[in-house]
>>> print(open('entry_9.cif').read())   # mmCIF, C-alpha atoms
data_entry
loop_
_atom_site.label_atom_id
_atom_site.label_comp_id
_atom_site.auth_asym_id
_atom_site.auth_seq_id
_atom_site.Cartn_x
_atom_site.Cartn_y
_atom_site.Cartn_z
CA MET A 84 112.83 142.11 114.72
CA SER A 85 116.09 143.35 113.21
CA ALA A 86 118.89 140.99 112.20
CA VAL A 87 121.12 142.56 114.90
CA SER A 88 118.69 141.97 117.77
CA ALA A 89 117.41 138.57 116.64
CA VAL A 90 117.62 135.86 119.29
CA PHE A 91 117.97 132.16 118.45
CA ALA A 92 117.28 129.29 120.83
CA GLY A 93 118.51 125.72 121.06
CA ILE A 94 116.94 123.06 123.28
CA ASP A 95 118.71 119.81 124.11
CA VAL A 96 115.99 117.30 125.02
CA SER A 97 116.39 114.27 127.22
CA LYS A 98 113.80 112.09 128.92
CA ALA A 99 113.93 114.06 132.17
CA ARG A 100 115.29 117.50 131.29
CA LEU A 101 115.27 120.35 128.79
CA ASP A 102 118.54 122.27 128.52
CA VAL A 103 118.01 125.65 126.85
CA ALA A 104 120.51 128.08 125.35
CA LEU A 105 119.93 131.44 123.69
CA SER A 106 122.28 133.02 121.19
CA SER A 107 122.55 135.94 123.65
CA GLY A 108 124.45 133.61 126.01
CA GLU A 109 121.65 132.91 128.48
CA GLN A 110 121.21 129.27 129.55
CA TRP A 111 118.87 127.40 131.89
CA SER A 112 117.15 124.04 132.38
CA GLU A 113 113.58 122.88 132.86
CA THR A 114 112.09 119.49 133.68
CA ASN A 115 110.68 117.61 130.71
CA ASP A 116 107.12 117.47 132.02
CA ASP A 117 103.99 119.60 131.78
CA LYS A 118 105.17 122.06 134.43
CA GLY A 119 108.63 122.47 132.90
CA ILE A 120 107.31 122.77 129.35
CA HIS A 121 104.81 125.43 130.45
CA ALA A 122 107.60 127.42 132.16
CA LEU A 123 109.82 127.03 129.10
CA THR A 124 107.10 128.24 126.76
CA ARG A 125 106.40 131.31 128.89
CA ARG A 126 110.08 132.24 129.13
CA LEU A 127 110.72 131.74 125.40
CA ARG A 128 107.66 133.80 124.55
CA ASP A 129 109.21 136.66 126.54
CA ALA A 130 112.55 136.18 124.72
CA ASP A 131 110.76 136.36 121.34
CA PRO A 132 113.26 134.15 119.44
CA ALA A 133 113.50 134.25 115.66
CA LEU A 134 113.90 130.47 115.62
CA ILE A 135 113.97 127.57 118.10
CA VAL A 136 115.79 124.35 117.17
CA LEU A 137 115.40 120.93 118.80
CA GLU A 138 116.95 117.61 117.84
CA ALA A 139 114.85 114.54 117.10
CA THR A 140 115.34 112.34 120.18
CA GLY A 141 113.06 109.36 119.72
CA GLY A 142 109.86 111.18 120.63
CA PHE A 143 110.96 112.92 123.85
CA GLU A 144 110.88 116.20 121.93
CA ASN A 145 107.30 115.93 120.69
CA ALA A 146 105.48 117.43 123.68
CA THR A 147 107.87 120.39 123.86
CA ALA A 148 107.71 121.06 120.12
CA ALA A 149 103.92 120.83 120.13
CA ALA A 150 103.61 123.27 123.06
CA LEU A 151 105.97 125.78 121.43
CA SER A 152 104.18 125.50 118.10
CA HIS A 153 100.81 125.96 119.80
CA ALA A 154 102.20 129.13 121.39
CA ALA A 155 102.94 130.42 117.86
CA LEU A 156 106.71 130.23 118.41
CA PRO A 157 108.90 129.34 115.37
CA VAL A 158 110.15 125.84 116.12
CA VAL A 159 111.85 123.19 113.98
CA ILE A 160 113.01 119.64 114.75
CA VAL A 161 116.27 118.75 113.00
CA ASN A 162 118.28 115.61 112.29
CA PRO A 163 120.86 114.98 115.08
CA ARG A 164 123.51 113.90 112.57
CA GLN A 165 123.27 117.25 110.80
CA VAL A 166 123.84 119.06 114.10
CA ARG A 167 126.81 116.84 115.06
CA ASP A 168 128.43 117.48 111.67
CA PHE A 169 127.89 121.20 112.24
CA ALA A 170 129.44 120.95 115.73
CA ARG A 171 132.55 119.23 114.34
CA SER A 172 132.86 121.90 111.66
CA THR A 173 133.09 124.51 114.44
CA GLY A 174 135.75 122.48 116.25
CA GLN A 175 133.43 121.49 119.08
CA LEU A 176 134.14 117.84 119.89
CA ALA A 177 133.06 117.74 123.54
CA LYS A 178 129.47 116.74 124.18
CA THR A 179 127.33 117.59 127.20
CA ASP A 180 123.70 118.66 127.45
CA ARG A 181 124.64 122.32 128.01
CA ILE A 182 127.14 122.28 125.15
CA ASP A 183 124.61 120.62 122.87
CA ALA A 184 122.06 123.33 123.69
CA ARG A 185 124.59 126.04 122.77
CA ILE A 186 125.45 124.24 119.53
CA LEU A 187 121.75 124.02 118.67
CA ALA A 188 121.34 127.76 119.26
CA LEU A 189 124.38 128.45 117.06
CA PHE A 190 123.01 126.05 114.42
CA ALA A 191 119.71 127.97 114.48
CA GLU A 192 121.56 131.27 114.01
CA ARG A 193 123.98 130.16 111.29
CA VAL A 194 121.99 127.59 109.30
CA ARG A 195 118.46 128.88 109.97
CA PRO A 196 116.48 125.76 108.92
CA ALA A 197 112.95 126.65 107.86
CA ALA A 198 110.34 126.34 110.59
CA LYS A 199 107.48 124.11 109.44
CA PRO A 200 104.07 123.42 110.95
CA LEU A 201 104.13 120.23 113.00
CA PRO A 202 101.97 117.26 111.97
CA ASP A 203 98.55 117.25 113.57
CA GLU A 204 97.72 114.73 116.27
CA ALA A 205 96.12 112.27 113.86
CA ALA A 206 99.20 112.26 111.61
CA GLN A 207 101.49 111.76 114.62
CA GLU A 208 99.41 108.81 115.81
CA LEU A 209 99.50 107.24 112.35
CA ASP A 210 103.27 107.72 112.24
CA ALA A 211 103.54 106.06 115.68
CA LEU A 212 101.50 103.09 114.45
CA LEU A 213 103.75 102.68 111.41
CA THR A 214 106.83 102.85 113.64
CA ARG A 215 105.33 100.16 115.87
CA ARG A 216 104.60 98.04 112.81
CA ARG A 217 108.27 98.20 111.77
CA GLN A 218 109.34 97.25 115.28
CA LEU A 219 107.02 94.23 115.33
CA LEU A 220 108.27 93.05 111.94
CA GLU A 221 111.88 93.32 113.13
CA MET A 222 111.08 91.29 116.26
CA ILE A 223 109.27 88.61 114.24
CA VAL A 224 112.23 88.25 111.86
CA ALA A 225 114.66 88.07 114.80
CA GLU A 226 112.61 85.37 116.56
CA ARG A 227 112.29 83.33 113.37
CA ASN A 228 116.06 83.48 112.95
CA ARG A 229 116.54 82.34 116.55
CA PHE A 230 114.07 79.50 116.11
CA SER A 231 116.15 77.79 113.43
CA SER A 232 119.18 77.44 115.72
CA ALA A 233 117.48 77.23 119.11
CA ALA A 234 117.57 74.17 121.34
CA VAL A 235 114.51 71.94 121.08
CA SER A 236 113.49 72.83 124.63
CA LEU A 237 113.29 76.54 123.69
CA ARG A 238 111.43 76.27 120.41
CA LYS A 239 107.94 76.08 121.92
CA GLY A 240 108.42 79.39 123.74
CA ILE A 241 109.85 81.08 120.64
CA ARG A 242 106.98 79.76 118.51
CA GLU A 243 104.42 81.12 120.98
CA HIS A 244 106.18 84.49 121.03
CA ILE A 245 106.14 84.65 117.23
CA ARG A 246 102.39 83.96 117.23
CA TYR A 247 101.86 86.67 119.84
CA LEU A 248 103.85 89.18 117.77
CA GLU A 249 101.91 88.22 114.65
CA ARG A 250 98.63 88.91 116.49
CA GLN A 251 99.99 92.26 117.59
CA LEU A 252 101.01 93.03 114.00
CA LYS A 253 97.57 92.11 112.72
CA GLY A 254 95.98 94.43 115.30
CA VAL A 255 98.25 97.33 114.29
CA ASP A 256 97.47 96.76 110.60
CA THR A 257 93.74 96.81 111.37
CA GLU A 258 94.05 100.07 113.31
CA ILE A 259 96.08 101.69 110.51
CA GLU A 260 93.43 100.59 107.99
CA GLU A 261 90.63 102.07 110.10
CA ARG A 262 92.40 105.41 110.57
CA ILE A 263 93.06 105.75 106.84
CA ARG A 264 89.49 104.85 105.91
CA ASN A 265 88.00 107.20 108.52
CA SER A 266 89.82 110.20 107.04
CA PRO A 267 88.36 111.41 103.70
CA ILE A 268 91.60 113.22 102.83
CA TRP A 269 93.83 110.26 103.64
CA ARG A 270 91.43 107.85 101.91
CA ALA A 271 91.50 109.93 98.70
CA LYS A 272 95.31 110.10 98.81
CA GLU A 273 95.63 106.37 99.37
CA ASP A 274 93.25 105.59 96.51
CA LEU A 275 95.39 107.67 94.15
CA LEU A 276 98.65 106.12 95.36
CA ARG A 277 97.32 102.56 95.33
CA SER A 278 96.21 102.96 91.71
CA VAL A 279 99.90 102.69 90.70
CA PRO A 280 101.10 99.14 89.92
CA GLY A 281 103.71 98.27 92.54
CA VAL A 282 102.35 100.55 95.27
CA GLY A 283 100.82 98.59 98.14
CA PRO A 284 99.32 99.58 101.48
CA VAL A 285 102.66 99.77 103.32
CA LEU A 286 104.13 102.35 100.92
CA SER A 287 100.92 104.38 100.55
CA ARG A 288 100.43 104.66 104.32
CA THR A 289 104.09 105.38 104.97
CA LEU A 290 103.96 108.21 102.43
CA ILE A 291 100.80 109.64 103.99
CA ALA A 292 102.24 109.61 107.51
CA GLU A 293 105.94 110.28 106.97
CA LEU A 294 106.05 112.28 103.73
CA PRO A 295 103.19 114.82 103.94
CA GLU A 296 105.15 117.07 101.56
CA LEU A 297 104.42 114.67 98.68
CA GLY A 298 102.54 116.55 95.98
CA ALA A 299 103.56 119.98 97.31
CA LEU A 300 107.26 120.06 96.34
CA THR A 301 109.16 119.95 93.08
CA ASP A 302 110.57 116.65 91.85
CA LYS A 303 114.10 117.64 92.86
CA GLN A 304 112.99 118.75 96.31
CA ILE A 305 110.99 115.61 97.07
CA SER A 306 113.83 113.38 95.80
CA ALA A 307 116.35 115.15 98.02
CA LEU A 308 113.99 115.02 100.99
CA VAL A 309 113.64 111.24 100.74
CA GLY A 310 117.32 110.73 99.90
CA VAL A 311 117.10 109.32 96.37
CA ALA A 312 118.64 112.28 94.54
CA PRO A 313 122.19 111.51 93.27
CA LEU A 314 124.74 113.72 95.03
CA ALA A 315 127.82 114.95 93.16
CA ARG A 316 131.32 114.07 94.42
CA ASP A 317 133.49 116.18 92.10
CA SER A 318 136.74 118.04 92.78
CA GLY A 319 138.84 119.72 90.10
CA LYS A 320 139.11 117.34 87.16
CA MET A 321 138.01 114.38 89.25
CA ARG A 322 134.44 113.23 88.69
CA GLY A 323 133.39 110.99 91.55
CA ARG A 324 130.70 108.37 91.60
CA ARG A 325 127.24 109.78 92.32
CA LEU A 326 125.73 108.45 95.54
CA VAL A 327 122.42 108.72 97.35
CA TRP A 328 122.28 109.00 101.12
CA GLY A 329 120.55 110.85 103.94
CA GLY A 330 116.89 111.70 103.74
CA ARG A 331 114.05 109.84 105.42
CA GLY A 332 115.21 106.28 105.95
CA PRO A 333 111.81 104.66 106.70
CA VAL A 334 110.34 106.13 103.51
CA ARG A 335 113.34 105.07 101.45
CA ALA A 336 113.21 101.52 102.82
CA VAL A 337 109.60 100.90 101.76
CA LEU A 338 110.13 102.79 98.49
CA TYR A 339 112.93 100.34 97.66
CA MET A 340 110.61 97.35 98.01
CA ALA A 341 107.91 99.08 95.98
CA ALA A 342 110.41 99.90 93.20
CA LEU A 343 111.54 96.27 93.21
CA VAL A 344 107.96 95.13 92.64
CA ALA A 345 107.29 97.91 90.12
CA SER A 346 110.39 96.97 88.09
CA ARG A 347 108.63 93.67 87.38
CA ASN A 348 104.94 94.63 87.24
CA ASN A 349 104.66 98.33 86.38
CA PRO A 350 105.01 98.85 82.60
CA VAL A 351 106.59 102.30 82.87
CA ILE A 352 109.04 101.43 85.64
CA ARG A 353 109.88 98.05 84.10
CA ALA A 354 110.70 99.61 80.72
CA PHE A 355 112.85 102.21 82.48
CA TYR A 356 114.67 99.53 84.51
CA LEU A 357 115.36 97.36 81.43
CA ARG A 358 116.63 100.39 79.49
CA LEU A 359 119.11 101.21 82.26
CA ARG A 360 120.28 97.60 82.50
CA ALA A 361 120.74 97.46 78.73
CA ALA A 362 122.88 100.61 79.00
CA GLY A 363 125.19 98.76 81.40
CA LYS A 364 123.95 100.11 84.73
CA PRO A 365 124.38 97.70 87.69
CA PRO A 366 121.12 96.30 89.10
CA LYS A 367 121.27 98.36 92.31
CA VAL A 368 121.97 101.57 90.44
CA ALA A 369 119.09 100.89 88.07
CA LEU A 370 116.79 100.06 90.98
CA THR A 371 117.74 103.26 92.82
CA ALA A 372 116.89 105.21 89.67
CA CYS A 373 113.54 103.40 89.62
CA MET A 374 112.93 104.49 93.21
CA ARG A 375 113.40 108.10 92.20
CA LYS A 376 111.25 107.73 89.09
CA LEU A 377 108.43 106.10 91.06
CA LEU A 378 108.60 108.85 93.69
CA VAL A 379 108.49 111.55 91.00
CA ILE A 380 105.44 109.90 89.40
CA LEU A 381 103.64 109.74 92.76
CA ASN A 382 104.54 113.35 93.47
CA ALA A 383 103.12 114.46 90.11
CA MET A 384 99.95 112.40 90.61
CA LEU A 385 99.16 113.96 93.97
CA ARG A 386 100.02 117.43 92.68
CA ALA A 387 97.61 117.00 89.75
CA ASN A 388 95.11 114.89 91.76
CA THR A 389 95.23 112.28 88.99
CA ALA A 390 95.04 108.50 89.27
CA TRP A 391 97.53 106.19 87.56
CA ASN A 392 97.82 106.63 83.81
CA PRO A 393 100.86 105.29 81.90
CA THR A 394 100.84 108.25 79.49
CA PHE A 395 100.65 110.79 82.32
CA ALA A 396 103.40 108.91 84.17
CA GLN A 397 105.71 109.12 81.17
CA ASP A 398 104.99 112.81 80.64
CA SER A 399 105.52 113.68 84.31
CA CYS A 400 109.13 112.44 84.39
#
>>> encode(input="entry_9.cif", output="structure tokens")
Amino acid sequence: MSAVSAVFAGIDVSKARLDVALSSGEQWSETNDDKGIHALTRRLRDADPALIVLEATGGFENATAAALSHAALPVVIVNPRQVRDFARSTGQLAKTDRIDARILALFAERVRPAAKPLPDEAAQELDALLTRRRQLLEMIVAERNRFSSAAVSLRKGIREHIRYLERQLKGVDTEIEERIRNSPIWRAKEDLLRSVPGVGPVLSRTLIAELPELGALTDKQISALVGVAPLARDSGKMRGRRLVWGGRGPVRAVLYMAALVASRNNPVIRAFYLRLRAAGKPPKVALTACMRKLLVILNAMLRANTAWNPTFAQDSC
């Protein structure tokens, strides 16, 4: 397919509908169900697009993306914030489903994000379990906060709800454990990750499910993907403060807690943290640097298929 004739597609996904736009100007809609997805796949196969872009919409996009990928069509799911920033840069401030589909098609044509194979069903289920675990933890914390200020007459109900949520959490943890242990590949990865002081089951399983690229990318690439790589803010003679942002929030959240533990119990990370503090770095800056260093160590370990070794950890950074 020549660059002149290449067609790019954007699909705006909602719970009930799929709004589709092609870079050629053609637009149409399908229902977001098996019948609509089948019709969409057949029509896009005839259009032979160079790239199809969908936004992440809380899971409503998964069935469509899976069907398109299974049909050997080049599909990629992108961050909605990135697309909205792109839309603003083009001067497009209005927002409707049809407009969003056109913007996605234009984004596909101009930015051309790399199409990647979608996670297999087992990885998607593990990711869903981890998401549910985070939701349960948030609800437990919220109920505990309510309990402290609730009227006496309400406390029994809140206490019972907390116990129910804790049972649900225990069940989810058990299912996650079983899925990891029943997969030889995941079990081997977890054993390597858990050999690092400061890395517990939450981080290891989050990395397996939500960062499958770990061990396959360079240190700079994996740091940028997670959102722990310092970004420059320079202009002319001005040298702005380096900041980290973006990336995969759920991974970064659990990596923060692991780095906090590692800064106290992992000899390599602790020495690094103390050296930064002695150099005058604020605690949060030093801890963010520890997050990146821990991630780089884990990336190198999986790449080399090597368990924790302080000497190897020092040499890999």
>>> resolve_selection(input="entry_9.cif", expression="the PyMOL selection byres ((chain A and resi 191-208) around 10)", output="ChimeraX atom specification")
/A:89-93,105-106,133-137,145,148-149,152-153,155-161,166,169,185-190,209-214,259,262,266,269,291-293,295
>>> resolve_selection(input="entry_9.cif", expression="the PyMOL selection byres ((chain A and resi 372) around 12)", output="PyMOL selection string")
chain A and resi 306+310-313+325-327+338-339+342-343+346+352-353+355-360+364-371+373-379+400
>>> closest_residue(input="entry_9.cif", among="A:Val235, A:Ala299, A:Ala345, A:Leu385", to="Ile268 in chain A", atoms="only C-alpha atoms")
A:Leu385
>>> closest_residue(input="entry_9.cif", among="A:Leu101, A:Val337, A:Leu297, A:Met384", to="Gly281 in chain A", atoms="all atoms listed in the file")
A:Val337
>>> residues_around(input="entry_9.cif", residues="Gly283 in chain A", least_positions_apart="4", cutoff="8 Å", atoms="all atoms listed in the file", output="PDB file with C-alpha atoms, in the frame of the given file")
ATOM      1  CA  ARG A 277      97.320 102.560  95.330  1.00  0.00           C
ATOM      2  CA  SER A 287     100.920 104.380 100.550  1.00  0.00           C
ATOM      3  CA  ALA A 341     107.910  99.080  95.980  1.00  0.00           C
TER       4      ALA A 341
END
>>> atom_distance(input="entry_9.cif", atom1="CA of Ile182 in chain A", atom2="CA of Gln110 in chain A")
10.2 Å
>>> axis_aligned_box(input="entry_9.cif", around="range 161-167 of chain A", padding_each_side="6 Å", output="lines of an AutoDock Vina configuration file")
center_x = 121.5
center_y = 116.5
center_z = 112.9
size_x = 22.5
size_y = 17.2
size_z = 16.3
>>> closest_residue(input="entry_9.cif", among="A:Asp256, A:Gly142, A:Leu176, A:Leu308", to="Arg288 in chain A", atoms="all atoms listed in the file")
A:Asp256
>>> closest_residue(input="entry_9.cif", among="A:Asn348, A:Thr389, A:Thr140, A:Asn382", to="Asp302 in chain A", atoms="all atoms listed in the file")
A:Asn382
>>> atom_distance(input="entry_9.cif", atom1="CA of Pro393 in chain A", atom2="CA of Val351 in chain A")
6.5 Å
>>> closest_residue(input="entry_9.cif", among="A:Asp183, A:Glu258, A:Glu138, A:Asp102", to="Leu123 in chain A", atoms="only C-alpha atoms")
A:Asp102
>>> atom_distance(input="entry_9.cif", atom1="CA of Ala383 in chain A", atom2="CA of Leu290 in chain A")
13.8 Å
